[in-house]
Amino acid sequence: MLKIENLTATVADKTILNGLSLSIGAGEVHAIMGPNGAGKSTLAYVLGGRPGYEVTGGTVTFMGKDLLELETHERAALGLFLGFQYPVEIPGVSNVQFLRESLNSQRGARGEEQLSGGDFLKLAREKAALLKMDMEMLKRQVNVGFSGGEKKRAEMVQMGILDPMFAVLDETDSGLDIDALRTVGDGINTIMRKPDKAVLLITHYQRLLDYVKPDFVHVLADGRIVKTGGAELAHQLESEGYEAIAA
Amino acid sequence: MMADLATLPTTRDEDWRYSDSAYLAAADPQAINHWRTLDVPAGETREETFVFTDDISATERLRVQVGAGGNFTCFAMIAGGKFRRLELEVTLEDGAHFEFGGVTVGGGEMVQEFVTRVIHAEPNGTSNQVVRAVQWGKSTGNFLGRIEVVRDAQKTDAGQNFRALLLEKGATANTKPELEIFADDVKCAHGAAIGALDDSAAYYMAARGLPPEVSKRLLVQAFIGDAFAAMDDDDARETMVGRVLEKLGDAV
């Protein structure tokens with residue numbers, strides 16, 4: 001589904017990704033762990049086409065297409081979802097309006113029918129319930145006045161509504177208490193644990209991986225993957241630290 | 001203010017300093033100095049709506065006297081014209097209210113401006129003005145707002161807020177709040193901000209699948225919302241917002 005080969009990227013002329021290769025197949029959940037500054041968020045933003053993150057070499061193929069050739073919104077329409085570490089507040093725009101426009105833009109780009117207002121609300125209500133989020137919150141402005149945990153749950157409601165093929169979740173577990181972590185973990189499993197979908201979890205901690213069990217765990221250090229293993233690697237990292245493993 | 005009818009204003013005049021000097025030089029003195037007048041009887045409400053979308057250059061001046069306890073509400077959008085100016089002079093008697101919501105939206109080399117003078121002539125009057133400017137190209141959006149509170153106009157509550165969104169480098173916004181307050185028990189608030197589109201919001205929206213023209217439209221819609229927030233009629237408000245967004249189509 002996603003194939004990254006020898007990817008290099010710079011931010012403000014500084015090389016952050018340095019020959020990263022990674023292949024993710026349908027039905028798989030991968031986790032990337034690594035110390036601060038290893039390039040985890042840069043990888044997420046490069047995949048998401050964020051301005052300022054410049055690819056200087058390598059290739060990324062997603063759903064059979066050259067991902068790097070596509071605009072950010074085209075990547076979304078192709079089925080890529082980026083869960084933000086710091087979801088952005090958009091004053092004056094309601095979640096309902098934002099998500100309905102987003103979904104219909106994606107559907108339009110794929111040549112699918114637009115969803116009516118009523119059908120959209122039904123879908124939104126269902127996904128909000130899945131993440132135990134009050135529908136009233138979705139009528140409010142995007143992320144404005146939301147707590148850190150609410151923003152992360154709102155991200156997962158967005159993911160549920162947009163129903164992507166592949167999700168890159170950048171520290172979706174940060175800022176969550178124990179109960180919210182379980183809710184978010186259950187949400188990820190329900191929405192994304194399907195034979196035709198895949199997930200890349202970016203995290204510092206092993207605790208999210210207790211709820212969303214990864215098939216592969218990768219250690220990222222100095223802009224490339226230095227070790228790959230199964231779910232047990234996350235436990236090993238937790239107990240021994242990155243330095244011991246990555247060395 | 002009762003200038004010589006034969007004299008043309010120039011950009012050396014404080015109230016015309018950001019106007020289009022070429023237009024002023026060639027203007028018809030009769031037309032440019034003409035004031036329409038409106039009396040709002042005590043306790044009554046009058047509403048005026050201005051929608052300028054055509055491409056003529058013109059100025060319009062309205063002088064309003066609002067009787068005790070009366071209410072004058074005005075909503076305006078300037079979305080056309082090489083030079084378009086709306087000037088309001090509103091005098092408020094005891095307990096009267098003036099509500100103004102204005103939006104300028106334009107590109108090219110348009111100069112679009114609102115000039116208001118609110119005179120709190122008696123006690124207990126309230127006024128609220130919200131102006132938003134959305135400019136691109138080499139266009140200019142101006143808001144000159146003057147609030148005068150006479151010595152006897154105690155318990156006046158006057159507010160004025162201006163924000164400009166410049167979609168491209170080269171666009172300009174000017175604002176000049178002027179407060180002349182001779183009473184001591186009054187509330188006068190004014191705020192002004194000029195900025196660009198929020199890049200991180202635009203990226204966030206792109207990441208959810210919104211093409212740039214759609215995210216821009218949503219962000220502008222949110223930005224101008226406050227100017228028409230006081231419109232009671234939902235349909236009328238949606239129509240006004242819709243016409244601004246229609247104009248925005250030229251920008252992308």
# chains A, B, ... in the order shown; residues from 1 in each chain; ligands from 1
$ residues_around --residues "A:Lys127" --least-positions-apart "2" --cutoff "9 Å" --atoms "only C-alpha atoms" --output "list in words"
Lys122, Leu123, Ala124, Arg125, Ala129, Leu130, Leu131, Lys132, Met133, Met156, Val157, Gln158, Met159, Gly160, Ile161 and Gly187 of chain A
$ interface_residues --of "chain B" --to "chain A" --cutoff "8 Å" --atoms "only C-alpha atoms" --output "VMD selection string"
chain B and resid 200 to 201 203 to 211 218 to 219 221 to 223 225
$ write_last_selection --atoms "C-alpha atoms" --output "PDB file, in the first residue's frame"
ATOM      1  CA  SER B 200      -1.315  26.199   9.515  1.00  0.00           C
ATOM      2  CA  ALA B 201      -5.124  26.249   9.288  1.00  0.00           C
ATOM      3  CA  TYR B 203      -2.559  23.117   5.684  1.00  0.00           C
ATOM      4  CA  TYR B 204      -4.734  21.353   8.246  1.00  0.00           C
ATOM      5  CA  MET B 205      -7.715  21.768   5.928  1.00  0.00           C
ATOM      6  CA  ALA B 206      -5.721  20.513   2.927  1.00  0.00           C
ATOM      7  CA  ALA B 207      -4.735  17.444   4.940  1.00  0.00           C
ATOM      8  CA  ARG B 208      -8.451  16.691   5.324  1.00  0.00           C
ATOM      9  CA  GLY B 209      -8.976  16.924   1.576  1.00  0.00           C
ATOM     10  CA  LEU B 210     -10.001  20.535   1.015  1.00  0.00           C
ATOM     11  CA  PRO B 211      -8.533  22.113  -2.131  1.00  0.00           C
ATOM     12  CA  LEU B 218     -14.153  28.760   4.474  1.00  0.00           C
ATOM     13  CA  LEU B 219     -11.487  30.838   6.207  1.00  0.00           C
ATOM     14  CA  GLN B 221     -16.303  33.168   5.485  1.00  0.00           C
ATOM     15  CA  ALA B 222     -15.256  32.724   9.109  1.00  0.00           C
ATOM     16  CA  PHE B 223     -13.275  35.950   8.991  1.00  0.00           C
ATOM     17  CA  GLY B 225     -18.719  36.447   9.880  1.00  0.00           C
TER      18      GLY B 225
END
$ atom_distance --atom1 "atom CA of B:Glu87" --atom2 "atom CA of B:Phe100"
11.7 Å
$ residues_around --residues "stretch 2-8 of chain A" --least-positions-apart "2" --cutoff "9 Å" --atoms "only C-alpha atoms" --output "ChimeraX atom specification"
/A:10,15-26,54-64,166,198,223-224
$ closest_residue --among "B:Asn128, B:Gln30, B:Ala42, B:Leu166" --to "B:Cys74" --atoms "only C-alpha atoms"
B:Asn128
$ closest_residue --among "B:Leu144, B:Met240, B:Val130, B:Leu8" --to "B:Tyr23" --atoms "only C-alpha atoms"
B:Leu8
$ atom_distance --atom1 "atom CA of A:Arg182" --atom2 "atom CA of A:Arg100"
27.0 Å
$ residues_around --residues "B:Arg17" --least-positions-apart "3" --cutoff "12 Å" --atoms "only C-alpha atoms" --output "PyMOL selection string"
chain B and resi 9-14+20-21+24+111+113+115+142-144+174-176
$ select_by_dssp --residues "stretch 43-73 of chain A" --states "strand (DSSP E)" --output "CSV table (one decimal) with N, CA and C atoms, in the first residue's frame"
chain,number,residue,atom,x,y,z
A,53,TYR,N,8.7,21.3,4.2
A,53,TYR,CA,9.4,20.0,4.3
A,53,TYR,C,9.8,19.5,3.0
A,54,GLU,N,11.1,19.6,2.6
A,54,GLU,CA,11.5,19.4,1.3
A,54,GLU,C,12.1,18.1,1.1
A,55,VAL,N,11.6,17.3,0.1
A,55,VAL,CA,12.1,16.0,-0.2
A,55,VAL,C,13.3,16.2,-1.2
A,56,THR,N,14.5,15.7,-0.8
A,56,THR,CA,15.7,15.9,-1.6
A,56,THR,C,16.1,14.6,-2.3
A,57,GLY,N,15.4,13.5,-2.0
A,57,GLY,CA,15.8,12.2,-2.7
A,57,GLY,C,14.9,11.1,-2.2
A,58,GLY,N,14.8,10.0,-3.0
A,58,GLY,CA,14.0,8.9,-2.7
A,58,GLY,C,12.7,8.9,-3.3
A,59,THR,N,11.9,7.9,-3.1
A,59,THR,CA,10.5,7.8,-3.7
A,59,THR,C,9.5,7.3,-2.6
A,60,VAL,N,8.3,7.8,-2.8
A,60,VAL,CA,7.2,7.3,-2.0
A,60,VAL,C,6.0,6.9,-2.9
A,61,THR,N,5.7,5.6,-2.9
A,61,THR,CA,4.5,5.2,-3.7
A,61,THR,C,3.4,4.8,-2.8
A,62,PHE,N,2.2,5.4,-3.1
A,62,PHE,CA,1.0,5.1,-2.3
A,62,PHE,C,-0.1,4.7,-3.2
A,65,LYS,N,0.5,5.1,-6.7
A,65,LYS,CA,0.8,6.4,-7.3
A,65,LYS,C,2.0,7.0,-6.7
A,66,ASP,N,2.7,7.9,-7.4
A,66,ASP,CA,3.8,8.7,-6.9
A,66,ASP,C,3.3,9.7,-5.9
$ closest_residue --among "B:Asp54, B:Glu122, B:Glu213, B:Glu148" --to "B:Phe182" --atoms "only C-alpha atoms"
B:Glu148
